[in-house]
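Written out below as structure tokens is the structure these notes cover.
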Amino acid sequence: MRIHPSSRRQFLALASGSGLTAALACTARAPGGQARGGGGAELVKALPDEWFIRHGTHNAETRLEGLPVGQLVTPIDRFYVRNHGPTPRLSAADWRLEIHGDGVERPVSVTYDQLVTLPSVTITRYLECAGNGRAFFKELLGAAVEGDPWRDGAYGVAKWTGVPLATLLGLAGLRGGAAWVMPVSLDGEGYARPMPLAKAMTGDTILAHRMNGEALPMDHGFPARVVVPGWIGAASVKWVGALEVSAQEPAVEMNTEEYVFLGADYPKPPPVLTTGVVKSAVCLPWPALLPAGRRTIHGLAWSPFGAIDRVDISLDGGGTFTRAARLVGDNLPVAGTWWQLELDATPGAVTITPRAVDEHGHTQPPLSQQLPNDKGYLFAAPVPHPIHFV
Ligand SMILES: Nc1nc2c(c(=O)[nH]1)N[C@H]1C(S)=C(S)[C@@H](COP(=O)(O)O)O[C@H]1N2
Ligand SMILES: [Mo]
């Protein structure tokens, strides 16, 4: 790739004046300024128990009850981490993005300095793991599924800054037969997952290098990660080192064995997961213990298709939805919204079951229609959240 020398100098001057160098120096440091990640720790950022539920050595679920109420963008230090292995420590100076494959006219190699000076966009979008809600297959349906029992905290919203994949692919030039784009990671697993060219060319599918205004943190994919809005988190490949463009769909573990619907109710070959599902959550501990009286209950709701239209509330475990929550703060497409419910609570046990409806009328299916699948992906039904008022 060539960037015109004078404009490149200009861009670099801009970048160095923007505090980027300072931001880069900070990414491997925990909030207290203490260096993390040495001594064999698999993740870089601090994961205090009051903010996270740990699943194994390299996955951390956000405790939604610890989030700042009404603030849609999740702070980086609270954002869930889902890794298939330890976080790789990559250096921006050595990093290259290779754009290649039988679908491009000429392979190109992009440096970090070049990436951050290409025209970028900033978008607010959520990421959610396909396994978010997996615990409810067992808890609510009695179905045995494989995998970590995430409840509702494998969800986070960030302000992502990056270069549209369309721009990057344009540098290499697409051949007539190009049909698939596969971001490939530089992590120890060579994690990769393809998407159809049309999804890659959508304006908000980007190679992000900043998150909430900071250089991308190590655990979230430094130096660069793909963000594929509306799709399961697994599509948003971290630590990207290559974009492989091909005529044929590549067959890799992440679209043949993982992130596919397996089970008695599904055909073979198994359908590949793409778009997420409409969801809602009560932001309280499991179970919650609260003083009786007038209480404001807070929650979140999100849709992979657009903004949220409303959140209905059931106080009888999801049988009838008799209340409506009030939406609070930003309500952004493919990001989500906070909601709240005023409740006059008498002592005793209740459940609060939210059900989101988005601006296009997409909603959450009743529990009776929620099919299990072997790996416990895409739990979509409304979830009764137990609360004990004392
Ligand atoms: N290289 C790589 N990319 C990855 C993963 C991974 O393990 N390795 N996990 C994926 C999954 S399953 C999810 S849900 C999201 C999680 O992103 P986060 O850790 O930034 O929240 O990253 C995706 N990208
Ligand atoms: Mo995931």
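Identifiers for the structure tokens are assigned positionally: chains receive A, B, ... in sequence, residues are indexed from 1 per chain, and ligands are indexed from 1 in the order shown.
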
Residues up to 8 Å from ligand 1, counting only C-alpha atoms and all ligand atoms: could you list those as an mmCIF file with all heavy atoms, in the first residue's frame?
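Saved to selection20.cif:
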```cif
data_model
loop_
_atom_site.group_PDB
_atom_site.id
_atom_site.type_symbol
_atom_site.label_atom_id
_atom_site.label_comp_id
_atom_site.auth_asym_id
_atom_site.auth_seq_id
_atom_site.Cartn_x
_atom_site.Cartn_y
_atom_site.Cartn_z
ATOM 1 N N ASN A 59 -11.812 -15.769 30.645
ATOM 2 C CA ASN A 59 -13.115 -15.200 30.314
ATOM 3 C C ASN A 59 -13.678 -14.509 31.543
ATOM 4 O O ASN A 59 -13.569 -15.026 32.649
ATOM 5 C CB ASN A 59 -14.095 -16.296 29.885
ATOM 6 C CG ASN A 59 -13.645 -16.967 28.603
ATOM 7 O OD1 ASN A 59 -13.562 -16.331 27.566
ATOM 8 N ND2 ASN A 59 -13.321 -18.244 28.691
ATOM 9 N N PHE A 79 -15.890 -3.909 30.773
ATOM 10 C CA PHE A 79 -16.329 -4.612 29.553
ATOM 11 C C PHE A 79 -15.946 -6.090 29.619
ATOM 12 O O PHE A 79 -14.809 -6.433 29.934
ATOM 13 C CB PHE A 79 -15.673 -3.964 28.333
ATOM 14 C CG PHE A 79 -16.446 -4.127 27.044
ATOM 15 C CD1 PHE A 79 -17.232 -3.097 26.552
ATOM 16 C CD2 PHE A 79 -16.360 -5.310 26.311
ATOM 17 C CE1 PHE A 79 -17.931 -3.239 25.347
ATOM 18 C CE2 PHE A 79 -17.068 -5.457 25.110
ATOM 19 C CZ PHE A 79 -17.845 -4.415 24.628
ATOM 20 N N TYR A 80 -16.889 -6.989 29.325
ATOM 21 C CA TYR A 80 -16.621 -8.431 29.385
ATOM 22 C C TYR A 80 -15.466 -8.820 28.455
ATOM 23 O O TYR A 80 -15.200 -8.138 27.463
ATOM 24 C CB TYR A 80 -17.884 -9.236 29.048
ATOM 25 C CG TYR A 80 -18.172 -9.437 27.569
ATOM 26 C CD1 TYR A 80 -17.777 -10.602 26.907
ATOM 27 C CD2 TYR A 80 -18.859 -8.483 26.823
ATOM 28 C CE1 TYR A 80 -18.043 -10.801 25.549
ATOM 29 C CE2 TYR A 80 -19.133 -8.676 25.475
ATOM 30 C CZ TYR A 80 -18.717 -9.831 24.841
ATOM 31 O OH TYR A 80 -18.976 -10.015 23.508
ATOM 32 N N VAL A 81 -14.806 -9.906 28.803
ATOM 33 C CA VAL A 81 -13.740 -10.448 27.950
ATOM 34 C C VAL A 81 -14.059 -11.900 27.628
ATOM 35 O O VAL A 81 -14.340 -12.704 28.530
ATOM 36 C CB VAL A 81 -12.357 -10.397 28.638
ATOM 37 C CG1 VAL A 81 -11.275 -10.938 27.688
ATOM 38 C CG2 VAL A 81 -12.011 -8.974 29.069
ATOM 39 N N ARG A 82 -14.041 -12.226 26.340
ATOM 40 C CA ARG A 82 -14.242 -13.609 25.899
ATOM 41 C C ARG A 82 -13.078 -13.960 24.986
ATOM 42 O O ARG A 82 -12.965 -13.434 23.874
ATOM 43 C CB ARG A 82 -15.585 -13.742 25.167
ATOM 44 C CG ARG A 82 -15.759 -15.059 24.413
ATOM 45 C CD ARG A 82 -15.826 -16.249 25.354
ATOM 46 N NE ARG A 82 -16.048 -17.507 24.634
ATOM 47 C CZ ARG A 82 -15.141 -18.488 24.560
ATOM 48 N NH1 ARG A 82 -13.964 -18.365 25.117
ATOM 49 N NH2 ARG A 82 -15.437 -19.606 23.921
ATOM 50 N N ASN A 83 -12.205 -14.797 25.488
ATOM 51 C CA ASN A 83 -10.996 -15.214 24.769
ATOM 52 C C ASN A 83 -10.981 -16.725 24.644
ATOM 53 O O ASN A 83 -11.307 -17.420 25.601
ATOM 54 C CB ASN A 83 -9.756 -14.872 25.607
ATOM 55 C CG ASN A 83 -9.225 -13.471 25.387
ATOM 56 O OD1 ASN A 83 -9.879 -12.652 24.768
ATOM 57 N ND2 ASN A 83 -8.044 -13.225 25.914
ATOM 58 N N HIS A 84 -10.531 -17.231 23.509
ATOM 59 C CA HIS A 84 -10.319 -18.674 23.389
ATOM 60 C C HIS A 84 -8.948 -19.090 23.896
ATOM 61 O O HIS A 84 -8.632 -20.269 23.958
ATOM 62 C CB HIS A 84 -10.537 -19.123 21.942
ATOM 63 C CG HIS A 84 -11.995 -19.098 21.547
ATOM 64 N ND1 HIS A 84 -12.679 -17.930 21.334
ATOM 65 C CD2 HIS A 84 -12.885 -20.103 21.371
ATOM 66 C CE1 HIS A 84 -13.941 -18.216 21.017
ATOM 67 N NE2 HIS A 84 -14.094 -19.526 21.034
ATOM 68 N N GLY A 85 -8.115 -18.137 24.232
ATOM 69 C CA GLY A 85 -6.789 -18.417 24.790
ATOM 70 C C GLY A 85 -6.306 -17.172 25.501
ATOM 71 O O GLY A 85 -7.060 -16.203 25.642
ATOM 72 N N LEU A 127 -21.396 -5.452 21.617
ATOM 73 C CA LEU A 127 -20.914 -6.807 21.338
ATOM 74 C C LEU A 127 -21.575 -7.709 22.360
ATOM 75 O O LEU A 127 -21.718 -7.344 23.525
ATOM 76 C CB LEU A 127 -19.402 -6.923 21.533
ATOM 77 C CG LEU A 127 -18.447 -6.333 20.520
ATOM 78 C CD1 LEU A 127 -17.033 -6.759 20.867
ATOM 79 C CD2 LEU A 127 -18.802 -6.756 19.103
ATOM 80 N N GLU A 128 -21.969 -8.901 21.915
ATOM 81 C CA GLU A 128 -22.517 -9.880 22.846
ATOM 82 C C GLU A 128 -22.049 -11.260 22.409
ATOM 83 O O GLU A 128 -22.123 -11.602 21.219
ATOM 84 C CB GLU A 128 -24.048 -9.847 22.858
ATOM 85 C CG GLU A 128 -24.640 -10.824 23.881
ATOM 86 C CD GLU A 128 -26.156 -10.909 23.841
ATOM 87 O OE1 GLU A 128 -26.772 -10.474 22.846
ATOM 88 O OE2 GLU A 128 -26.712 -11.437 24.817
ATOM 89 N N CYS A 129 -21.603 -12.034 23.373
ATOM 90 C CA CYS A 129 -21.181 -13.396 23.067
ATOM 91 C C CYS A 129 -22.405 -14.250 22.735
ATOM 92 O O CYS A 129 -23.448 -14.124 23.385
ATOM 93 C CB CYS A 129 -20.436 -13.993 24.249
ATOM 94 S SG CYS A 129 -19.741 -15.599 23.855
ATOM 95 N N ALA A 130 -22.261 -15.133 21.750
ATOM 96 C CA ALA A 130 -23.355 -16.047 21.387
ATOM 97 C C ALA A 130 -23.745 -16.930 22.568
ATOM 98 O O ALA A 130 -24.872 -17.416 22.652
ATOM 99 C CB ALA A 130 -22.938 -16.917 20.204
ATOM 100 N N GLY A 131 -22.813 -17.119 23.505
ATOM 101 C CA GLY A 131 -23.075 -17.952 24.678
ATOM 102 C C GLY A 131 -23.687 -17.184 25.842
ATOM 103 O O GLY A 131 -23.968 -17.772 26.898
ATOM 104 N N ALA A 154 -22.331 -11.090 29.256
ATOM 105 C CA ALA A 154 -21.394 -11.128 28.122
ATOM 106 C C ALA A 154 -21.916 -10.179 27.052
ATOM 107 O O ALA A 154 -22.119 -10.527 25.885
ATOM 108 C CB ALA A 154 -21.231 -12.535 27.578
ATOM 109 N N TYR A 155 -22.194 -8.949 27.498
ATOM 110 C CA TYR A 155 -22.737 -7.873 26.659
ATOM 111 C C TYR A 155 -22.040 -6.581 27.059
ATOM 112 O O TYR A 155 -21.851 -6.318 28.252
ATOM 113 C CB TYR A 155 -24.244 -7.743 26.912
ATOM 114 C CG TYR A 155 -24.855 -6.410 26.521
ATOM 115 C CD1 TYR A 155 -25.201 -6.148 25.197
ATOM 116 C CD2 TYR A 155 -25.085 -5.405 27.469
ATOM 117 C CE1 TYR A 155 -25.761 -4.917 24.839
ATOM 118 C CE2 TYR A 155 -25.645 -4.177 27.118
ATOM 119 C CZ TYR A 155 -25.983 -3.939 25.805
ATOM 120 O OH TYR A 155 -26.530 -2.722 25.451
ATOM 121 N N GLY A 156 -21.656 -5.797 26.090
ATOM 122 C CA GLY A 156 -21.079 -4.488 26.374
ATOM 123 C C GLY A 156 -21.225 -3.590 25.162
ATOM 124 O O GLY A 156 -21.333 -4.064 24.027
ATOM 125 N N VAL A 184 -8.259 -12.898 10.137
ATOM 126 C CA VAL A 184 -7.466 -13.939 10.791
ATOM 127 C C VAL A 184 -6.645 -13.296 11.900
ATOM 128 O O VAL A 184 -6.018 -12.255 11.695
ATOM 129 C CB VAL A 184 -6.527 -14.646 9.780
ATOM 130 C CG1 VAL A 184 -5.750 -15.771 10.460
ATOM 131 C CG2 VAL A 184 -7.326 -15.177 8.592
ATOM 132 N N SER A 185 -6.668 -13.930 13.075
ATOM 133 C CA SER A 185 -6.010 -13.357 14.243
ATOM 134 C C SER A 185 -4.546 -13.768 14.341
ATOM 135 O O SER A 185 -4.140 -14.817 13.831
ATOM 136 C CB SER A 185 -6.740 -13.804 15.504
ATOM 137 O OG SER A 185 -6.136 -13.257 16.645
ATOM 138 N N LEU A 186 -3.782 -12.946 15.042
ATOM 139 C CA LEU A 186 -2.372 -13.236 15.330
ATOM 140 C C LEU A 186 -2.219 -13.908 16.690
ATOM 141 O O LEU A 186 -1.109 -14.047 17.188
ATOM 142 C CB LEU A 186 -1.566 -11.934 15.313
ATOM 143 C CG LEU A 186 -1.512 -11.223 13.960
ATOM 144 C CD1 LEU A 186 -1.020 -9.793 14.135
ATOM 145 C CD2 LEU A 186 -0.623 -11.987 12.991
ATOM 146 N N ASP A 187 -3.328 -14.314 17.333
ATOM 147 C CA ASP A 187 -3.229 -14.973 18.639
ATOM 148 C C ASP A 187 -2.693 -16.398 18.464
ATOM 149 O O ASP A 187 -2.482 -16.872 17.340
ATOM 150 C CB ASP A 187 -4.600 -14.984 19.352
ATOM 151 C CG ASP A 187 -5.656 -15.754 18.565
ATOM 152 O OD1 ASP A 187 -5.315 -16.492 17.629
ATOM 153 O OD2 ASP A 187 -6.850 -15.605 18.894
ATOM 154 N N GLU A 189 -4.053 -19.145 18.682
ATOM 155 C CA GLU A 189 -4.979 -20.112 18.076
ATOM 156 C C GLU A 189 -5.167 -19.897 16.585
ATOM 157 O O GLU A 189 -5.780 -20.726 15.924
ATOM 158 C CB GLU A 189 -6.363 -20.021 18.724
ATOM 159 C CG GLU A 189 -6.442 -20.489 20.164
ATOM 160 C CD GLU A 189 -5.915 -19.448 21.143
ATOM 161 O OE1 GLU A 189 -6.341 -18.290 21.048
ATOM 162 O OE2 GLU A 189 -5.058 -19.787 21.968
ATOM 163 N N GLY A 190 -4.710 -18.770 16.067
ATOM 164 C CA GLY A 190 -5.007 -18.439 14.674
ATOM 165 C C GLY A 190 -6.507 -18.342 14.455
ATOM 166 O O GLY A 190 -7.048 -18.714 13.409
ATOM 167 N N TYR A 191 -7.196 -17.799 15.472
ATOM 168 C CA TYR A 191 -8.652 -17.643 15.436
ATOM 169 C C TYR A 191 -9.078 -16.913 14.156
ATOM 170 O O TYR A 191 -8.482 -15.886 13.796
ATOM 171 C CB TYR A 191 -9.083 -16.850 16.674
ATOM 172 C CG TYR A 191 -10.560 -16.650 16.834
ATOM 173 C CD1 TYR A 191 -11.275 -17.389 17.767
ATOM 174 C CD2 TYR A 191 -11.253 -15.701 16.077
ATOM 175 C CE1 TYR A 191 -12.637 -17.202 17.939
ATOM 176 C CE2 TYR A 191 -12.611 -15.508 16.236
ATOM 177 C CZ TYR A 191 -13.295 -16.256 17.173
ATOM 178 O OH TYR A 191 -14.642 -16.063 17.342
ATOM 179 N N ALA A 192 -10.074 -17.426 13.473
ATOM 180 C CA ALA A 192 -10.537 -16.816 12.224
ATOM 181 C C ALA A 192 -11.997 -17.164 12.010
ATOM 182 O O ALA A 192 -12.455 -18.242 12.415
ATOM 183 C CB ALA A 192 -9.709 -17.345 11.052
ATOM 184 N N ASP A 219 -6.680 -6.714 25.854
ATOM 185 C CA ASP A 219 -7.653 -7.807 25.949
ATOM 186 C C ASP A 219 -8.759 -7.694 24.895
ATOM 187 O O ASP A 219 -9.460 -8.670 24.631
ATOM 188 C CB ASP A 219 -8.308 -7.825 27.331
ATOM 189 C CG ASP A 219 -7.326 -8.157 28.434
ATOM 190 O OD1 ASP A 219 -6.504 -9.075 28.228
ATOM 191 O OD2 ASP A 219 -7.371 -7.493 29.486
ATOM 192 N N HIS A 220 -8.943 -6.499 24.367
ATOM 193 C CA HIS A 220 -10.025 -6.300 23.402
ATOM 194 C C HIS A 220 -9.507 -6.254 21.969
ATOM 195 O O HIS A 220 -10.259 -5.890 21.065
ATOM 196 C CB HIS A 220 -10.845 -5.069 23.780
ATOM 197 C CG HIS A 220 -11.500 -5.211 25.127
ATOM 198 N ND1 HIS A 220 -12.527 -6.110 25.355
ATOM 199 C CD2 HIS A 220 -11.217 -4.649 26.324
ATOM 200 C CE1 HIS A 220 -12.870 -6.059 26.635
ATOM 201 N NE2 HIS A 220 -12.100 -5.185 27.254
ATOM 202 N N GLY A 221 -8.220 -6.645 21.768
ATOM 203 C CA GLY A 221 -7.771 -6.885 20.401
ATOM 204 C C GLY A 221 -6.634 -6.041 19.873
ATOM 205 O O GLY A 221 -6.402 -6.032 18.664
ATOM 206 N N ARG A 225 -8.991 -4.798 15.862
ATOM 207 C CA ARG A 225 -9.983 -5.870 15.828
ATOM 208 C C ARG A 225 -11.088 -5.487 14.859
ATOM 209 O O ARG A 225 -11.358 -4.309 14.637
ATOM 210 C CB ARG A 225 -10.600 -6.091 17.199
ATOM 211 C CG ARG A 225 -11.659 -5.039 17.495
ATOM 212 C CD ARG A 225 -12.591 -5.305 18.647
ATOM 213 N NE ARG A 225 -13.119 -6.635 18.751
ATOM 214 C CZ ARG A 225 -13.493 -7.176 19.899
ATOM 215 N NH1 ARG A 225 -13.400 -6.483 21.014
ATOM 216 N NH2 ARG A 225 -13.988 -8.378 19.938
ATOM 217 N N ILE A 232 -23.077 -12.053 16.165
ATOM 218 C CA ILE A 232 -22.538 -12.615 17.406
ATOM 219 C C ILE A 232 -21.095 -12.127 17.601
ATOM 220 O O ILE A 232 -20.362 -11.916 16.633
ATOM 221 C CB ILE A 232 -22.584 -14.159 17.393
ATOM 222 C CG1 ILE A 232 -21.778 -14.736 16.218
ATOM 223 C CG2 ILE A 232 -24.028 -14.649 17.376
ATOM 224 C CD1 ILE A 232 -21.491 -16.223 16.341
ATOM 225 N N GLY A 233 -20.723 -11.986 18.877
ATOM 226 C CA GLY A 233 -19.395 -11.470 19.217
ATOM 227 C C GLY A 233 -18.272 -12.207 18.525
ATOM 228 O O GLY A 233 -17.229 -11.621 18.192
ATOM 229 N N ALA A 234 -18.470 -13.504 18.290
ATOM 230 C CA ALA A 234 -17.418 -14.342 17.687
ATOM 231 C C ALA A 234 -16.974 -13.845 16.314
ATOM 232 O O ALA A 234 -15.875 -14.169 15.850
ATOM 233 C CB ALA A 234 -17.908 -15.786 17.578
ATOM 234 N N ALA A 235 -17.821 -13.054 15.647
ATOM 235 C CA ALA A 235 -17.463 -12.526 14.330
ATOM 236 C C ALA A 235 -16.468 -11.365 14.440
ATOM 237 O O ALA A 235 -15.757 -11.061 13.481
ATOM 238 C CB ALA A 235 -18.717 -12.053 13.591
ATOM 239 N N SER A 236 -16.441 -10.745 15.610
ATOM 240 C CA SER A 236 -15.605 -9.552 15.794
ATOM 241 C C SER A 236 -14.202 -9.974 16.238
ATOM 242 O O SER A 236 -13.825 -9.842 17.408
ATOM 243 C CB SER A 236 -16.264 -8.606 16.794
ATOM 244 O OG SER A 236 -17.462 -8.076 16.238
ATOM 245 N N VAL A 237 -13.451 -10.472 15.274
ATOM 246 C CA VAL A 237 -12.134 -11.084 15.517
ATOM 247 C C VAL A 237 -11.162 -10.053 16.102
ATOM 248 O O VAL A 237 -11.064 -8.932 15.598
ATOM 249 C CB VAL A 237 -11.575 -11.684 14.203
ATOM 250 C CG1 VAL A 237 -10.205 -12.307 14.434
ATOM 251 C CG2 VAL A 237 -12.556 -12.710 13.632
ATOM 252 N N LYS A 238 -10.463 -10.459 17.171
ATOM 253 C CA LYS A 238 -9.491 -9.584 17.838
ATOM 254 C C LYS A 238 -8.072 -9.873 17.317
ATOM 255 O O LYS A 238 -7.807 -10.933 16.768
ATOM 256 C CB LYS A 238 -9.549 -9.831 19.353
ATOM 257 C CG LYS A 238 -10.953 -9.604 19.943
ATOM 258 C CD LYS A 238 -10.947 -9.549 21.464
ATOM 259 C CE LYS A 238 -11.103 -10.895 22.124
ATOM 260 N NZ LYS A 238 -11.383 -10.778 23.584
ATOM 261 N N TRP A 239 -7.159 -8.932 17.562
ATOM 262 C CA TRP A 239 -5.733 -9.075 17.193
ATOM 263 C C TRP A 239 -5.601 -9.482 15.715
ATOM 264 O O TRP A 239 -4.876 -10.421 15.378
ATOM 265 C CB TRP A 239 -5.054 -10.098 18.113
ATOM 266 C CG TRP A 239 -5.389 -9.893 19.560
ATOM 267 C CD1 TRP A 239 -5.005 -8.838 20.332
ATOM 268 C CD2 TRP A 239 -6.198 -10.747 20.401
ATOM 269 N NE1 TRP A 239 -5.523 -8.990 21.608
ATOM 270 C CE2 TRP A 239 -6.242 -10.140 21.679
ATOM 271 C CE3 TRP A 239 -6.866 -11.951 20.196
ATOM 272 C CZ2 TRP A 239 -6.950 -10.712 22.741
ATOM 273 C CZ3 TRP A 239 -7.568 -12.515 21.250
ATOM 274 C CH2 TRP A 239 -7.605 -11.897 22.496
ATOM 275 N N VAL A 240 -6.295 -8.769 14.861
ATOM 276 C CA VAL A 240 -6.351 -9.154 13.441
ATOM 277 C C VAL A 240 -5.007 -8.893 12.753
ATOM 278 O O VAL A 240 -4.425 -7.821 12.907
ATOM 279 C CB VAL A 240 -7.484 -8.375 12.732
ATOM 280 C CG1 VAL A 240 -7.410 -8.557 11.217
ATOM 281 C CG2 VAL A 240 -8.838 -8.850 13.245
#
```

Using only C-alpha atoms, find each residue of stretch 338-365 of chain A with at least one atom at most 8 Å away from an atom of stretch 319-328 of chain A; report its shortest atom-to-atom pair and that distance in Å (one decimal), sort the rows by chain and rising residue number, and return the result as JSON lines.
```
{"residue": "A:Trp338", "atom": "CA", "partner": "A:Val328", "partner_atom": "CA", "distance": 5.3}
{"residue": "A:Trp339", "atom": "CA", "partner": "A:Leu327", "partner_atom": "CA", "distance": 4.2}
{"residue": "A:Gln340", "atom": "CA", "partner": "A:Arg326", "partner_atom": "CA", "distance": 5.3}
{"residue": "A:Leu341", "atom": "CA", "partner": "A:Ala325", "partner_atom": "CA", "distance": 5.0}
```

| task | Using DSSP on the backbone coordinates, identify all residues within stretch 93-156 of chain A classified as helix (DSSP H, G or I); present the result as a PyMOL selection string. | result | chain A and resi 112-117+134-141

| request: List every residue of stretch 148-367 of chain A that DSSP, applied to the backbone of this structure, assigns to strand (DSSP E or B), and report them as an MDAnalysis selection string. | output: chainID A and resid 155:164 174 180:185 192 195:196 206:211 214:215 225:227 231 240:246 260 272 275 279:282 288:290 293:302 308:314 323:324 326:332 336:345 348:358 363

| Any idea what's packed within 8 Å of A:Ala172, counting only C-alpha atoms, ignoring anything in its chain fewer than 5 positions away? Could you give it as a list in words? |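 The residues that qualify are Met1, Ile99, His100, Val104, Glu105, Arg106, Pro107 and Val108 of chain A.
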
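Of the listed residues A:Leu47, A:Val116, A:Ala292, A:Leu141, the one whose atoms come nearest to A:Thr161 is A:Val116, with distances taken using only C-alpha atoms.
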
| message | Env of A:Val278: 6 Å cut, atoms = only C-alpha atoms, seq-sep filter 4 positions within chain, self excluded. Answer as a VMD selection string. | response | chain A and resid 302 to 303 363 to 364

Could you save those same residues with all heavy atoms as a PDB file, in the first residue's frame?
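Output below, filename out_7.pdb:
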```
ATOM      1  N   TRP A 302     -31.452  -4.538  24.253  1.00  0.00           N
ATOM      2  CA  TRP A 302     -30.695  -4.276  23.018  1.00  0.00           C
ATOM      3  C   TRP A 302     -31.216  -5.146  21.882  1.00  0.00           C
ATOM      4  O   TRP A 302     -31.828  -6.197  22.111  1.00  0.00           O
ATOM      5  CB  TRP A 302     -29.211  -4.479  23.238  1.00  0.00           C
ATOM      6  CG  TRP A 302     -28.773  -5.847  23.690  1.00  0.00           C
ATOM      7  CD1 TRP A 302     -28.344  -6.869  22.908  1.00  0.00           C
ATOM      8  CD2 TRP A 302     -28.683  -6.328  25.054  1.00  0.00           C
ATOM      9  NE1 TRP A 302     -27.995  -7.950  23.691  1.00  0.00           N
ATOM     10  CE2 TRP A 302     -28.192  -7.648  25.004  1.00  0.00           C
ATOM     11  CE3 TRP A 302     -28.981  -5.771  26.304  1.00  0.00           C
ATOM     12  CZ2 TRP A 302     -27.991  -8.432  26.151  1.00  0.00           C
ATOM     13  CZ3 TRP A 302     -28.778  -6.553  27.449  1.00  0.00           C
ATOM     14  CH2 TRP A 302     -28.283  -7.864  27.353  1.00  0.00           C
ATOM     15  N   SER A 303     -30.960  -4.677  20.671  1.00  0.00           N
ATOM     16  CA  SER A 303     -31.398  -5.397  19.468  1.00  0.00           C
ATOM     17  C   SER A 303     -30.322  -5.313  18.397  1.00  0.00           C
ATOM     18  O   SER A 303     -29.737  -4.242  18.199  1.00  0.00           O
ATOM     19  CB  SER A 303     -32.698  -4.784  18.936  1.00  0.00           C
ATOM     20  OG  SER A 303     -32.917  -5.216  17.598  1.00  0.00           O
ATOM     21  N   THR A 363     -38.999  -9.040  18.656  1.00  0.00           N
ATOM     22  CA  THR A 363     -39.088  -9.157  20.107  1.00  0.00           C
ATOM     23  C   THR A 363     -38.488 -10.474  20.564  1.00  0.00           C
ATOM     24  O   THR A 363     -37.857 -11.186  19.786  1.00  0.00           O
ATOM     25  CB  THR A 363     -40.548  -8.976  20.567  1.00  0.00           C
ATOM     26  OG1 THR A 363     -40.580  -8.935  22.000  1.00  0.00           O
ATOM     27  CG2 THR A 363     -41.451 -10.109  20.075  1.00  0.00           C
ATOM     28  N   GLN A 364     -38.654 -10.770  21.847  1.00  0.00           N
ATOM     29  CA  GLN A 364     -38.106 -11.989  22.417  1.00  0.00           C
ATOM     30  C   GLN A 364     -39.174 -13.079  22.392  1.00  0.00           C
ATOM     31  O   GLN A 364     -40.315 -12.834  22.788  1.00  0.00           O
ATOM     32  CB  GLN A 364     -37.638 -11.728  23.847  1.00  0.00           C
ATOM     33  CG  GLN A 364     -36.613 -10.602  23.946  1.00  0.00           C
ATOM     34  CD  GLN A 364     -36.066 -10.439  25.352  1.00  0.00           C
ATOM     35  OE1 GLN A 364     -36.279  -9.438  25.995  1.00  0.00           O
ATOM     36  NE2 GLN A 364     -35.353 -11.445  25.836  1.00  0.00           N
TER      37      GLN A 364
END
```

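Once A:Thr111 and its same-chain neighbours fewer than 4 positions away are set aside, Ala92, Ala93, Asp94, Trp95, Arg96, Leu97, Leu115 and Val116 of chain A remain within 9 Å of it when counting only C-alpha atoms.
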
| field | Shell of 12 Å around A:Ala356, only C-alpha atoms, local chain residues under 3 positions omitted, as number ranges by chain | value | A: 277-282, 299-304, 306-314, 321, 324-327, 336-339, 353, 359-366, 380-383

Keeping only C-alpha atoms, write those residues as a CSV table (one decimal), in the first residue's frame.
```csv
chain,number,residue,atom,x,y,z
A,277,VAL,CA,-31.1,-11.8,19.1
A,278,VAL,CA,-33.2,-9.1,20.8
A,279,LYS,CA,-32.5,-9.2,24.6
A,280,SER,CA,-33.2,-7.6,27.9
A,281,ALA,CA,-31.7,-7.9,31.4
A,282,VAL,CA,-32.4,-6.7,34.9
A,299,GLY,CA,-32.1,-2.8,33.3
A,300,LEU,CA,-30.7,-2.9,29.8
A,301,ALA,CA,-32.3,-3.9,26.5
A,302,TRP,CA,-30.7,-4.3,23.0
A,303,SER,CA,-31.4,-5.4,19.5
A,304,PRO,CA,-29.1,-6.4,16.6
A,306,GLY,CA,-32.1,-1.2,15.5
A,307,ALA,CA,-33.1,0.9,18.5
A,308,ILE,CA,-35.5,-0.4,21.3
A,309,ASP,CA,-39.1,0.6,21.0
A,310,ARG,CA,-40.3,-0.5,24.4
A,311,VAL,CA,-39.6,-2.9,27.3
A,312,ASP,CA,-42.6,-4.8,28.7
A,313,ILE,CA,-42.5,-6.2,32.2
A,314,SER,CA,-44.1,-9.3,33.6
A,321,PHE,CA,-46.8,-8.6,30.6
A,324,ALA,CA,-44.1,-1.0,30.7
A,325,ALA,CA,-40.6,0.2,31.7
A,326,ARG,CA,-39.5,3.7,31.1
A,327,LEU,CA,-36.5,4.0,28.7
A,336,GLY,CA,-29.2,-0.7,23.4
A,337,THR,CA,-30.8,1.4,26.1
A,338,TRP,CA,-31.2,1.6,29.8
A,339,TRP,CA,-34.8,1.2,31.2
A,353,THR,CA,-39.2,-10.5,33.6
A,359,GLU,CA,-38.3,-0.3,16.5
A,360,HIS,CA,-39.0,-2.9,13.7
A,361,GLY,CA,-41.2,-5.0,15.9
A,362,HIS,CA,-38.6,-7.8,16.6
A,363,THR,CA,-39.1,-9.2,20.1
A,364,GLN,CA,-38.1,-12.0,22.4
A,365,PRO,CA,-39.8,-15.4,21.8
A,366,PRO,CA,-41.7,-17.0,24.7
A,380,ALA,CA,-33.4,-15.3,23.4
A,381,ALA,CA,-36.5,-15.8,25.7
A,382,PRO,CA,-37.4,-13.3,28.5
A,383,VAL,CA,-35.6,-14.2,31.7
```

| task | Compare A:Pro223, A:Gly177, A:Gly133, A:Pro217 by their minimum atom-to-atom distance to ligand 2, counting only C-alpha atoms and all ligand atoms, and give me the closest one. | result |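 The closest residue to ligand 2 is A:Gly133.
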